[in-house]
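Source file: entry25.csv; contents: CSV, C-alpha atoms and all ligand atoms.
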chain,number,residue,atom,x,y,z
A,227,MET,CA,95.6,-195.9,57.2
A,228,PHE,CA,97.1,-196.9,60.5
A,229,LYS,CA,96.3,-199.9,62.7
A,230,ALA,CA,95.2,-199.5,66.3
A,231,ARG,CA,97.1,-201.8,68.7
A,232,ILE,CA,96.4,-202.6,72.3
A,233,ILE,CA,99.4,-201.5,74.4
A,234,GLY,CA,97.9,-201.7,77.9
A,235,THR,CA,95.1,-203.4,79.7
A,236,GLY,CA,93.6,-202.9,83.2
A,237,SER,CA,90.6,-203.9,85.3
A,238,THR,CA,89.1,-203.5,88.7
A,239,THR,CA,86.1,-204.8,90.6
A,240,PRO,CA,84.5,-203.8,93.9
A,241,LYS,CA,85.6,-205.5,97.1
A,242,ARG,CA,82.3,-206.9,98.3
A,243,ILE,CA,81.6,-210.4,97.1
A,244,LEU,CA,78.0,-211.6,96.9
A,245,THR,CA,77.9,-215.4,96.7
A,246,ASN,CA,75.1,-217.7,95.4
A,247,THR,CA,74.6,-218.7,99.0
A,248,ASP,CA,74.1,-215.0,99.9
A,249,LEU,CA,71.5,-214.8,97.2
A,250,GLU,CA,69.6,-217.8,98.7
A,251,ASN,CA,68.7,-215.3,101.5
A,252,ILE,CA,67.4,-212.7,99.1
A,253,VAL,CA,65.3,-214.7,96.5
A,254,ASP,CA,64.0,-218.2,96.1
A,255,THR,CA,67.0,-219.7,94.5
A,256,SER,CA,69.9,-222.1,95.1
A,257,ASP,CA,73.7,-222.3,94.5
A,258,GLU,CA,73.0,-225.5,92.5
A,259,TRP,CA,70.5,-223.8,90.2
A,260,ILE,CA,72.6,-220.7,89.5
A,261,THR,CA,75.8,-222.7,88.9
A,262,ARG,CA,74.1,-225.2,86.6
A,263,ARG,CA,72.0,-222.8,84.6
A,264,THR,CA,74.5,-219.9,84.4
A,265,GLY,CA,78.0,-220.9,85.5
A,266,ILE,CA,78.1,-218.0,88.0
A,267,LYS,CA,79.3,-218.7,91.6
A,268,GLU,CA,79.7,-215.2,92.9
A,269,ARG,CA,79.7,-211.5,91.7
A,270,ARG,CA,81.2,-208.2,93.0
A,271,ILE,CA,78.8,-205.6,94.3
A,272,SER,CA,79.7,-201.9,94.6
A,273,GLN,CA,78.9,-200.3,98.0
A,274,LYS,CA,77.8,-196.8,98.7
A,275,GLY,CA,80.4,-194.4,100.2
A,276,LYS,CA,83.4,-196.7,99.3
A,277,GLY,CA,84.6,-195.0,96.2
A,278,GLU,CA,83.2,-197.6,94.0
A,279,LYS,CA,81.0,-195.7,91.6
A,280,ALA,CA,81.3,-196.5,87.9
A,281,PHE,CA,83.7,-193.6,87.3
A,282,ASP,CA,85.9,-194.7,90.3
A,283,LEU,CA,86.2,-198.2,89.0
A,284,ALA,CA,86.7,-196.9,85.4
A,285,ALA,CA,89.5,-194.5,86.6
A,286,ASP,CA,91.3,-197.3,88.5
A,287,ALA,CA,91.1,-199.7,85.5
A,288,SER,CA,92.4,-196.9,83.3
A,289,LEU,CA,95.3,-196.0,85.4
A,290,LYS,CA,96.4,-199.7,85.4
A,291,ALA,CA,96.1,-199.9,81.6
A,292,LEU,CA,98.0,-196.6,81.2
A,293,GLU,CA,100.8,-197.9,83.6
A,294,MET,CA,101.1,-201.0,81.5
A,295,ALA,CA,101.3,-198.9,78.3
A,296,GLY,CA,104.0,-196.7,80.0
A,297,MET,CA,101.8,-193.7,79.3
A,298,GLY,CA,101.0,-190.7,81.4
A,299,PRO,CA,97.4,-189.7,81.9
A,300,ASP,CA,98.0,-186.5,79.8
A,301,GLU,CA,98.9,-188.6,76.7
A,302,PRO,CA,95.6,-190.1,75.5
A,303,ASP,CA,93.8,-187.7,73.1
A,304,LEU,CA,90.5,-189.7,73.2
A,305,ILE,CA,88.5,-191.5,76.0
A,306,ILE,CA,85.5,-193.5,75.0
A,307,LEU,CA,83.6,-195.4,77.7
A,308,GLY,CA,80.8,-198.0,77.2
A,309,THR,CA,78.2,-198.2,79.9
A,310,ILE,CA,74.4,-198.6,80.5
A,311,THR,CA,74.7,-197.6,84.2
A,312,PRO,CA,76.3,-194.2,84.2
A,313,ASP,CA,76.7,-192.5,87.6
A,314,ARG,CA,74.7,-189.5,86.3
A,315,GLN,CA,72.4,-188.8,83.4
A,316,PHE,CA,75.1,-186.3,82.5
A,317,PRO,CA,78.0,-185.6,82.2
A,318,SER,CA,79.4,-188.7,80.7
A,319,VAL,CA,81.3,-191.2,82.9
A,320,ALA,CA,84.2,-190.7,80.5
A,321,CYS,CA,84.4,-187.0,81.4
A,322,MET,CA,84.3,-187.9,85.1
A,323,VAL,CA,87.1,-190.3,84.5
A,324,GLN,CA,89.0,-187.7,82.6
A,325,ASP,CA,88.8,-185.4,85.7
A,326,LYS,CA,89.7,-188.1,88.2
A,327,ILE,CA,92.8,-189.3,86.3
A,328,ASN,CA,93.7,-185.8,85.0
A,329,ALA,CA,93.6,-186.8,81.4
A,330,VAL,CA,93.7,-183.2,80.3
A,331,ASN,CA,94.4,-183.6,76.6
A,332,ALA,CA,91.5,-186.0,75.7
A,333,ASN,CA,88.1,-185.7,74.1
A,334,ALA,CA,85.8,-187.9,76.2
A,335,PHE,CA,82.4,-189.4,75.7
A,336,ASP,CA,80.2,-192.4,76.5
A,337,VAL,CA,78.6,-195.0,74.3
A,338,SER,CA,75.4,-196.8,75.1
A,339,ALA,CA,75.1,-200.1,73.3
A,340,GLY,CA,74.0,-202.6,76.0
A,341,CYS,CA,76.5,-205.2,76.8
A,342,SER,CA,78.2,-204.4,73.5
A,343,GLY,CA,79.3,-201.0,74.7
A,344,PHE,CA,82.9,-201.8,75.0
A,345,LEU,CA,83.3,-203.3,71.5
A,346,TYR,CA,81.3,-200.4,70.0
A,347,ALA,CA,83.7,-198.0,71.8
A,348,LEU,CA,86.7,-199.9,70.7
A,349,SER,CA,85.5,-199.8,67.1
A,350,ILE,CA,85.0,-196.0,67.2
A,351,ALA,CA,88.5,-195.6,68.7
A,352,GLU,CA,90.0,-198.0,66.2
A,353,ASN,CA,88.5,-195.9,63.3
A,354,ALA,CA,89.8,-192.7,64.8
A,355,ILE,CA,93.3,-194.1,65.0
A,356,ALA,CA,93.1,-195.7,61.5
A,357,THR,CA,92.2,-192.4,59.9
A,358,GLY,CA,94.6,-190.2,61.9
A,359,GLY,CA,92.1,-188.5,64.1
A,360,SER,CA,93.6,-190.0,67.2
A,361,GLU,CA,97.1,-191.3,68.2
A,362,LYS,CA,96.5,-192.7,71.7
A,363,ALA,CA,93.1,-193.7,73.0
A,364,LEU,CA,91.7,-195.0,76.2
A,365,VAL,CA,88.7,-197.3,75.8
A,366,ILE,CA,86.8,-198.4,78.8
A,367,GLY,CA,83.8,-200.5,79.9
A,368,ALA,CA,82.3,-199.7,83.3
A,369,GLU,CA,79.1,-200.9,84.9
A,370,LEU,CA,77.3,-201.1,88.2
A,371,LEU,CA,74.7,-203.6,87.1
A,372,SER,CA,73.8,-204.3,90.7
A,373,SER,CA,72.3,-200.8,90.8
A,374,VAL,CA,69.7,-201.8,88.3
A,375,ALA,CA,68.9,-205.3,89.6
A,376,ASN,CA,65.4,-206.1,90.6
A,377,TRP,CA,66.1,-207.9,93.8
A,378,GLU,CA,62.7,-209.6,93.8
A,379,ASP,CA,63.2,-211.2,90.3
A,380,ARG,CA,65.3,-214.3,90.8
A,381,SER,CA,65.6,-214.9,87.0
A,382,THR,CA,67.7,-211.6,86.6
A,383,CYS,CA,69.2,-210.5,89.9
A,384,VAL,CA,71.4,-213.6,90.2
A,385,LEU,CA,73.1,-212.8,86.9
A,386,LEU,CA,74.4,-209.3,87.5
A,387,GLY,CA,77.7,-207.9,88.8
A,388,ASP,CA,79.9,-204.7,88.8
A,389,GLY,CA,83.3,-203.8,87.5
A,390,ALA,CA,85.4,-202.0,85.0
A,391,GLY,CA,88.0,-202.8,82.4
A,392,ALA,CA,90.1,-200.6,80.1
A,393,VAL,CA,92.6,-200.8,77.2
A,394,VAL,CA,95.0,-198.3,75.8
A,395,LEU,CA,95.3,-198.1,72.1
A,396,GLY,CA,98.3,-196.9,70.2
A,397,ARG,CA,99.0,-196.3,66.5
A,398,SER,CA,100.9,-198.8,64.4
A,399,ASP,CA,101.9,-198.9,60.7
A,400,LYS,CA,102.4,-202.7,60.8
A,401,ASP,CA,99.8,-205.4,60.2
A,402,GLU,CA,99.0,-205.9,63.9
A,403,GLY,CA,96.5,-204.9,66.5
A,404,ILE,CA,92.8,-204.6,65.7
A,405,LEU,CA,92.5,-206.2,62.2
A,406,SER,CA,88.8,-205.5,61.9
A,407,SER,CA,85.6,-204.8,63.9
A,408,HIS,CA,82.1,-205.8,62.9
A,409,LEU,CA,79.0,-204.4,64.6
A,410,GLY,CA,75.3,-205.1,64.3
A,411,SER,CA,72.0,-204.1,65.9
A,412,ASP,CA,68.3,-204.9,65.6
A,413,GLY,CA,66.0,-202.5,67.5
A,414,ARG,CA,63.0,-204.6,66.7
A,415,TYR,CA,63.8,-206.7,69.8
A,416,TRP,CA,64.6,-204.0,72.3
A,417,LYS,CA,61.8,-205.3,74.6
A,418,LEU,CA,63.8,-208.5,75.3
A,419,LEU,CA,66.1,-206.5,77.6
A,420,TYR,CA,65.4,-203.0,78.7
A,421,SER,CA,65.2,-200.6,81.7
A,422,GLU,CA,61.9,-200.2,83.4
A,423,GLU,CA,61.1,-197.2,85.6
A,424,GLY,CA,61.0,-197.9,89.4
A,425,THR,CA,63.3,-198.6,92.3
A,426,PRO,CA,63.0,-202.1,93.8
A,427,ASP,CA,63.8,-202.2,97.5
A,428,PRO,CA,67.4,-203.3,98.0
A,429,PRO,CA,67.7,-206.4,100.2
A,430,LYS,CA,68.9,-205.9,103.8
A,431,ILE,CA,72.1,-207.9,103.1
A,432,LEU,CA,73.0,-205.1,100.7
A,433,GLU,CA,72.0,-202.1,102.8
A,434,ALA,CA,74.8,-200.0,101.4
A,435,PHE,CA,74.1,-200.7,97.8
A,436,GLU,CA,73.8,-197.9,95.2
A,437,GLY,CA,70.4,-198.0,93.5
A,438,LYS,CA,69.1,-196.3,90.4
A,439,PRO,CA,65.5,-195.1,89.6
A,440,TYR,CA,65.1,-197.9,87.0
A,441,TYR,CA,65.7,-201.6,86.9
A,442,LEU,CA,66.5,-204.3,84.3
A,443,ALA,CA,63.7,-206.3,82.8
A,444,MET,CA,64.5,-209.3,80.5
A,445,GLU,CA,62.9,-212.2,78.6
A,446,GLY,CA,65.7,-214.6,79.3
A,447,ASN,CA,64.7,-217.5,77.1
A,448,LYS,CA,64.1,-215.6,73.9
A,449,LEU,CA,67.3,-213.5,74.5
A,450,PHE,CA,69.3,-216.7,75.0
A,451,LYS,CA,68.5,-217.9,71.5
A,452,LYS,CA,69.2,-214.5,69.9
A,453,ALA,CA,72.5,-214.3,71.8
A,454,VAL,CA,73.8,-217.6,70.5
A,455,LYS,CA,72.8,-216.9,66.9
A,456,HIS,CA,74.3,-213.3,66.8
A,457,LEU,CA,77.4,-214.2,68.7
A,458,ALA,CA,78.2,-217.1,66.3
A,459,ASP,CA,77.2,-215.2,63.2
A,460,VAL,CA,79.3,-212.1,64.0
A,461,ALA,CA,82.3,-214.2,65.1
A,462,MET,CA,82.2,-216.1,61.8
A,463,GLU,CA,81.8,-212.9,59.8
A,464,ALA,CA,84.9,-211.4,61.6
A,465,LEU,CA,87.0,-214.5,61.0
A,466,ARG,CA,86.0,-214.9,57.3
A,467,HIS,CA,86.7,-211.2,56.7
A,468,ASN,CA,90.3,-211.8,57.7
A,469,ASN,CA,90.6,-215.2,55.9
A,470,LEU,CA,91.0,-216.9,59.3
A,471,SER,CA,89.4,-220.1,60.6
A,472,GLY,CA,88.8,-221.2,64.1
A,473,SER,CA,92.1,-223.1,64.2
A,474,ASP,CA,94.0,-219.8,63.7
A,475,VAL,CA,92.5,-218.4,66.9
A,476,ARG,CA,94.6,-218.5,70.1
A,477,LEU,CA,91.9,-217.2,72.4
A,478,VAL,CA,88.2,-216.1,72.2
A,479,VAL,CA,87.3,-213.5,74.8
A,480,PRO,CA,83.4,-213.4,74.8
A,481,HIS,CA,81.0,-211.3,76.7
A,482,GLN,CA,80.3,-213.2,79.9
A,483,ALA,CA,76.5,-213.5,80.1
A,484,ASN,CA,75.9,-217.2,80.7
A,485,ILE,CA,78.3,-220.1,80.5
A,486,ARG,CA,75.8,-222.1,78.4
A,487,ILE,CA,75.7,-219.2,75.9
A,488,ILE,CA,79.5,-219.2,75.7
A,489,GLU,CA,79.6,-223.0,75.3
A,490,ALA,CA,77.0,-222.9,72.5
A,491,LEU,CA,79.1,-220.2,70.8
A,492,ALA,CA,82.2,-222.3,71.0
A,493,ASP,CA,80.3,-225.3,69.6
A,494,ARG,CA,78.9,-223.3,66.7
A,495,ILE,CA,82.3,-221.9,65.7
A,496,SER,CA,83.9,-225.3,66.3
A,497,LEU,CA,86.4,-224.2,68.9
A,498,PRO,CA,87.2,-226.2,72.1
A,499,MET,CA,86.4,-224.5,75.4
A,500,GLU,CA,90.2,-224.5,76.2
A,501,LYS,CA,90.4,-221.7,73.6
A,502,VAL,CA,87.7,-219.6,75.2
A,503,TYR,CA,88.4,-217.4,78.2
A,504,THR,CA,85.8,-217.4,81.0
A,505,ASN,CA,85.6,-215.7,84.3
A,506,ILE,CA,81.9,-215.6,84.7
A,507,HIS,CA,82.1,-217.8,87.8
A,508,LYS,CA,83.8,-214.9,89.6
A,509,TYR,CA,81.9,-211.8,88.3
A,510,GLY,CA,78.6,-212.8,86.7
A,511,ASN,CA,77.5,-210.5,83.9
A,512,THR,CA,79.2,-207.1,84.1
A,513,SER,CA,77.8,-205.9,80.7
A,514,SER,CA,80.2,-203.5,78.9
A,515,ALA,CA,82.9,-204.3,81.5
A,516,SER,CA,83.0,-208.1,80.9
A,517,ILE,CA,85.3,-208.2,77.8
A,518,PRO,CA,87.9,-205.7,79.0
A,519,ILE,CA,88.0,-207.4,82.5
A,520,ALA,CA,88.4,-210.8,80.9
A,521,LEU,CA,91.0,-209.5,78.4
A,522,ASP,CA,93.0,-207.9,81.1
A,523,GLU,CA,93.0,-211.1,83.2
A,524,ALA,CA,94.0,-213.3,80.2
A,525,ASN,CA,96.8,-210.8,79.4
A,526,ARG,CA,98.1,-210.6,83.0
A,527,GLU,CA,97.9,-214.4,83.4
A,528,GLY,CA,100.4,-214.6,80.4
A,529,MET,CA,98.0,-216.3,78.1
A,530,LEU,CA,98.7,-214.0,75.1
A,531,ARG,CA,101.8,-213.7,73.0
A,532,PRO,CA,102.7,-211.4,70.2
A,533,GLY,CA,101.3,-212.8,66.9
A,534,ASP,CA,98.3,-214.6,68.6
A,535,ILE,CA,94.9,-214.1,67.1
A,536,VAL,CA,92.4,-213.0,69.7
A,537,LEU,CA,88.7,-212.8,68.9
A,538,LEU,CA,86.5,-210.5,71.0
A,539,VAL,CA,82.8,-211.1,70.6
A,540,THR,CA,79.7,-209.7,72.3
A,541,PHE,CA,75.9,-209.4,72.4
A,542,GLY,CA,73.6,-207.2,74.4
A,543,ALA,CA,70.5,-205.1,74.8
A,544,GLY,CA,69.4,-203.2,71.8
A,545,LEU,CA,69.8,-205.8,70.4
A,546,THR,CA,73.4,-205.1,69.6
A,547,TRP,CA,76.3,-207.4,68.9
A,548,GLY,CA,79.9,-207.1,67.7
A,549,ALA,CA,83.3,-208.8,67.1
A,550,SER,CA,86.9,-207.6,66.8
A,551,VAL,CA,89.8,-209.7,65.5
A,552,VAL,CA,93.1,-208.7,67.1
A,553,ARG,CA,96.6,-209.7,66.2
A,554,TRP,CA,98.1,-209.4,69.7
A,555,SER,CA,101.3,-207.4,69.8
A,556,LEU,CA,101.8,-206.7,73.5
A,557,ASP,CA,104.4,-208.8,75.5
A,558,ILE,CA,104.2,-208.2,79.2
A,559,ARG,CA,106.4,-211.2,80.1
B,601,LIG,N1,66.7,-219.9,90.8
B,601,LIG,C1,65.9,-220.9,90.8
B,601,LIG,N2,65.0,-221.1,89.8
B,601,LIG,C2,64.9,-220.1,88.8
B,601,LIG,C3,65.8,-219.0,88.9
B,601,LIG,C4,66.7,-218.9,89.9
B,601,LIG,N3,67.5,-217.9,90.0
B,601,LIG,N4,65.5,-218.2,87.8
B,601,LIG,C5,64.5,-218.8,87.1
B,601,LIG,N5,64.2,-220.0,87.7
B,601,LIG,C6,63.1,-221.0,87.4
B,601,LIG,C7,62.0,-220.4,86.5
B,601,LIG,O1,61.1,-219.7,87.4
B,601,LIG,C8,61.5,-221.6,85.8
B,601,LIG,O2,60.7,-222.2,86.7
B,601,LIG,P1,59.3,-223.0,86.2
B,601,LIG,O3,59.8,-224.0,85.2
B,601,LIG,O4,58.7,-223.5,87.4
B,601,LIG,O5,58.5,-221.9,85.5
B,601,LIG,C9,62.7,-222.4,85.6
B,601,LIG,O6,63.7,-221.9,86.5
B,601,LIG,C10,63.3,-222.3,84.2
B,601,LIG,O7,63.4,-221.0,83.9
B,601,LIG,P2,64.0,-220.5,82.5
B,601,LIG,O8,63.8,-219.0,82.4
B,601,LIG,O9,63.5,-221.4,81.4
B,601,LIG,O10,65.5,-220.8,82.8
B,601,LIG,P3,66.7,-220.8,81.8
B,601,LIG,O11,67.4,-222.1,81.8
B,601,LIG,O12,66.4,-220.2,80.5
B,601,LIG,O13,67.7,-219.8,82.5
B,601,LIG,C11,68.5,-217.5,82.3
B,601,LIG,C12,67.3,-218.4,82.7
B,601,LIG,C13,68.0,-216.1,82.6
B,601,LIG,C14,69.7,-217.9,83.1
B,601,LIG,C15,68.7,-217.7,80.8
B,601,LIG,O14,67.5,-217.7,80.1
B,601,LIG,C16,69.7,-216.7,80.2
B,601,LIG,O15,70.8,-216.7,80.6
B,601,LIG,N6,69.2,-215.9,79.2
B,601,LIG,C17,70.0,-215.0,78.5
B,601,LIG,C18,70.6,-214.0,79.4
B,601,LIG,C19,71.3,-212.9,78.6
B,601,LIG,O16,71.7,-213.2,77.5
B,601,LIG,N7,71.4,-211.8,79.2
B,601,LIG,C20,71.8,-210.6,78.6
B,601,LIG,C21,72.6,-210.6,77.4
B,601,LIG,S1,73.8,-209.5,77.6

Before we go any further, please render this structure as C-alpha cells.
Amino acid sequence: MFKARIIGTGSTTPKRILTNTDLENIVDTSDEWITRRTGIKERRISQKGKGEKAFDLAADASLKALEMAGMGPDEPDLIILGTITPDRQFPSVACMVQDKINAVNANAFDVSAGCSGFLYALSIAENAIATGGSEKALVIGAELLSSVANWEDRSTCVLLGDGAGAVVLGRSDKDEGILSSHLGSDGRYWKLLYSEEGTPDPPKILEAFEGKPYYLAMEGNKLFKKAVKHLADVAMEALRHNNLSGSDVRLVVPHQANIRIIEALADRISLPMEKVYTNIHKYGNTSSASIPIALDEANREGMLRPGDIVLLVTFGAGLTWGASVVRWSLDIR
C-alpha cells in the first residue's frame, strides 16, 4: 500500500466582488447582520461571458496546482472533481477541465456530495493511489453557488460565493501525506438543504450573472446544529484513528459555511482559533471549493511545513460529512 501525498495546490476565484453593502440593495439585510451572524464580508461572483464557468475556474486552479507540483498536464492519470453546480448536466466538469488543460492521459469524473464533494473526491483518489490504481491524481472542487442563489431569500443568498481549488496527489512509500480519510452521510435529512426547481430573477446589480434552472433551499437553523455535531464528531474520529490529539494539529482547514459553525467546531475539539484557517470573510460559502481554496491560501502564505499535521473537515448537503488527516510533506519556501 502506498500513501497519497499533496505535491501541489492551486485556486482561483472570479474577479467580481459582491460586498455585503451591495447585498443591502438586493434584499432586506445589513452588513452588520451578515458579518455578525456569518463572518462573511464579501464573496466572488462569476459573470457571464468572462470565462468564469465552473470548468474555467477549475482548469485555472488545476494549472496552478500542476505548476507547483512541477508536473505537466499530460501526467495525471486521474481527475476527480467535486461539485453541485456543474456547467452542464453532462459531460462532467472534470472532462471539460481535461479538455481545457489537455490532460490527455487521465480518467475524469465528477463527484456530487454537497459541500463535502472535495473531501469525497480526495478520499477516492487517495484510495486509488494507495492500491496502485493511480500514480498521479488531480483533485478539484469547483462551484458557482451564485448560479443557484435565490436572490429573494435573504437567509441564503448572502451566504454563497464562487471559486475553485485543486490539489495534485503523488505516490509515496513513506508515512506521509494523507494518513486517513473518514466519510459519512445521512440521507434522512436531505430536505434540510436541497435544490428546488425554478429560476429566481437575478437582481439588476448582477445583470451578467449565470443562472441555473434550480435554486438552493435550506433550513438554516436545523442545519447549523447538524453541521456542528458532524464536523466535531468526524474530526475527533479522524484524530483518534491516527492516535493524535488536538495539540498535535498544526492547522485545521474546515469547510467555510459560517464563522459561528467553525468557532463551535474549534471549541468542541478544544483547539484555539489560531489553529483554524478561515477565509470565509472574503469568499462566503463556496461549497466543494472552500477547502481546496483555503488549503491553497494557507500553503502559499507559508503556514505549512513538512511534518505538520493538517486536519481537513467538512459538512454539507446530503447530509454528508468527512475529514482527512494529512502529514504535510510539501515545502514551497
Ligand atoms: N439579514 C437580516 N436578517 C436576516 C437575514 C439576513 N441576511 N437572514 C435571516 N434574517 C433574520 C430572520 O428572518 C430572522 O428574523 P426573525 O427573528 O424576525 O424571524 C432572524 O434573522 C434570525 O434568523 P435565523 O435563521 O435564526 O438566523 P441564524 O442566526 O440561524 O442565521 C444562517 C441564519 C443561515 C446564517 C445560519 O442558520 C446558518 O449558517 N446555518 C447553517 C448554514 C449551513 O450550514 N449551510 C450549509 C452547510 S454546507

Each residue of chain A with at least one atom at most 9 Å from ligand LIG 601 (chain B) should appear once, together with its nearest atom pair and the corresponding distance in Å (one decimal); atoms considered: all atoms listed in the file; ordering: chain, then increasing residue number; output as CSV.
residue,atom,partner,partner_atom,distance
A:Leu249,CA,B:LIG601,N3,8.8
A:Glu250,CA,B:LIG601,N1,8.7
A:Val253,CA,B:LIG601,N3,7.6
A:Asp254,CA,B:LIG601,N1,6.2
A:Thr255,CA,B:LIG601,N1,3.7
A:Ser256,CA,B:LIG601,N1,5.8
A:Asp257,CA,B:LIG601,N1,8.3
A:Glu258,CA,B:LIG601,N1,8.6
A:Trp259,CA,B:LIG601,C1,5.5
A:Ile260,CA,B:LIG601,N3,5.8
A:Arg262,CA,B:LIG601,O11,8.8
A:Arg263,CA,B:LIG601,O11,5.4
A:Thr264,CA,B:LIG601,C14,5.4
A:Gly340,CA,B:LIG601,S1,7.1
A:Cys341,CA,B:LIG601,S1,5.1
A:Ser342,CA,B:LIG601,S1,7.9
A:Asp379,CA,B:LIG601,N4,7.8
A:Arg380,CA,B:LIG601,N3,4.3
A:Ser381,CA,B:LIG601,N4,3.4
A:Thr382,CA,B:LIG601,C13,6.0
A:Cys383,CA,B:LIG601,N3,7.6
A:Val384,CA,B:LIG601,N3,5.8
A:Leu385,CA,B:LIG601,C14,7.2
A:Leu418,CA,B:LIG601,C20,8.9
A:Leu419,CA,B:LIG601,C20,7.1
A:Met444,CA,B:LIG601,N7,7.5
A:Glu445,CA,B:LIG601,O14,7.3
A:Gly446,CA,B:LIG601,O14,3.7
A:Asn447,CA,B:LIG601,O14,4.1
A:Lys448,CA,B:LIG601,N6,7.4
A:Leu449,CA,B:LIG601,C17,5.1
A:Phe450,CA,B:LIG601,C17,4.0
A:Lys451,CA,B:LIG601,C17,7.7
A:Lys452,CA,B:LIG601,O16,8.1
A:Ala453,CA,B:LIG601,O16,5.9
A:Val454,CA,B:LIG601,O16,8.5
A:His481,CA,B:LIG601,S1,7.5
A:Gln482,CA,B:LIG601,S1,7.8
A:Ala483,CA,B:LIG601,S1,5.4
A:Asn484,CA,B:LIG601,O15,5.1
A:Ile485,CA,B:LIG601,O15,8.2
A:Arg486,CA,B:LIG601,O15,7.7
A:Ile487,CA,B:LIG601,O15,7.2
A:Asn511,CA,B:LIG601,S1,7.4
A:Thr512,CA,B:LIG601,S1,8.8
A:Ser513,CA,B:LIG601,S1,6.2
A:Ser514,CA,B:LIG601,S1,8.9
A:Thr540,CA,B:LIG601,S1,7.9
A:Phe541,CA,B:LIG601,S1,5.6
A:Gly542,CA,B:LIG601,S1,3.9
A:Ala543,CA,B:LIG601,S1,6.2
A:Leu545,CA,B:LIG601,C21,8.9

- Query: In Å, with one decimal, what is the gap from CA of Ser338 (chain A) to CA of Lys455 (chain A)?
  - Reply: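 These atoms are spaced 21.9 Å apart.
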
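For the point (94.4, -191.8, 87.4), the residues with an atom at a distance of at most 12 Å are Gly236, Phe281, Asp282, Leu283, Ala284, Ala285, Asp286, Ala287, Ser288, Leu289, Lys290, Ala291, Leu292, Glu293, Met297, Gly298, Pro299, Asp300, Met322, Val323, Gln324, Asp325, Lys326, Ile327, Asn328, Ala329, Val330 and Leu364 of chain A, counting only C-alpha atoms.
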
- Which residue of A:Arg231, A:Arg314, A:Lys438, A:Lys362 approaches Glu301 (chain A) most closely, using all atoms listed in the file: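 Nearest candidate to Glu301 (chain A) out of A:Arg231, A:Arg314, A:Lys438, A:Lys362: A:Lys362.
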
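CA of Lys508 (chain A) is found 11.9 Å from CA of Arg242 (chain A).
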
- Compile the contact shell of Val479 (chain A) as a ChimeraX atom specification: residues with an atom at most 8 Å away, counting all atoms listed in the file, same-chain residues fewer than 3 positions apart removed. /A:502-504,517,520-521,536-539

Can you pull out every residue within 10 Å of Gly410 (chain A), counting all atoms listed in the file, but drop anything in the same chain fewer than 5 positions away, and send it as a PDB file with C-alpha atoms, in the coordinates of the input?
ATOM      1  CA  SER A 342      78.200-204.400  73.500  1.00  0.00           C
ATOM      2  CA  TYR A 346      81.300-200.400  70.000  1.00  0.00           C
ATOM      3  CA  HIS A 456      74.300-213.300  66.800  1.00  0.00           C
ATOM      4  CA  VAL A 460      79.300-212.100  64.000  1.00  0.00           C
ATOM      5  CA  PHE A 541      75.900-209.400  72.400  1.00  0.00           C
ATOM      6  CA  GLY A 544      69.400-203.200  71.800  1.00  0.00           C
ATOM      7  CA  LEU A 545      69.800-205.800  70.400  1.00  0.00           C
ATOM      8  CA  THR A 546      73.400-205.100  69.600  1.00  0.00           C
ATOM      9  CA  TRP A 547      76.300-207.400  68.900  1.00  0.00           C
ATOM     10  CA  GLY A 548      79.900-207.100  67.700  1.00  0.00           C
ATOM     11  CA  ALA A 549      83.300-208.800  67.100  1.00  0.00           C
TER      12      ALA A 549
END

- Distance query Ala320 (chain A) at most 7 Å, all atoms listed in the file, self and fewer than 5 positions along chain excluded, as number ranges by chain: A: 305-307, 334-336

- Which is closer to Ile431 (chain A) than all the others in A:Ile271, A:Val365, A:Met499, A:Ile266, using all atoms listed in the file?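 The answer is A:Ile271, which sits nearest to Ile431 (chain A).
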
- Separation of CA of Glu352 (chain A) and CA of Ile404 (chain A), in Å?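 The value is 7.2 Å.
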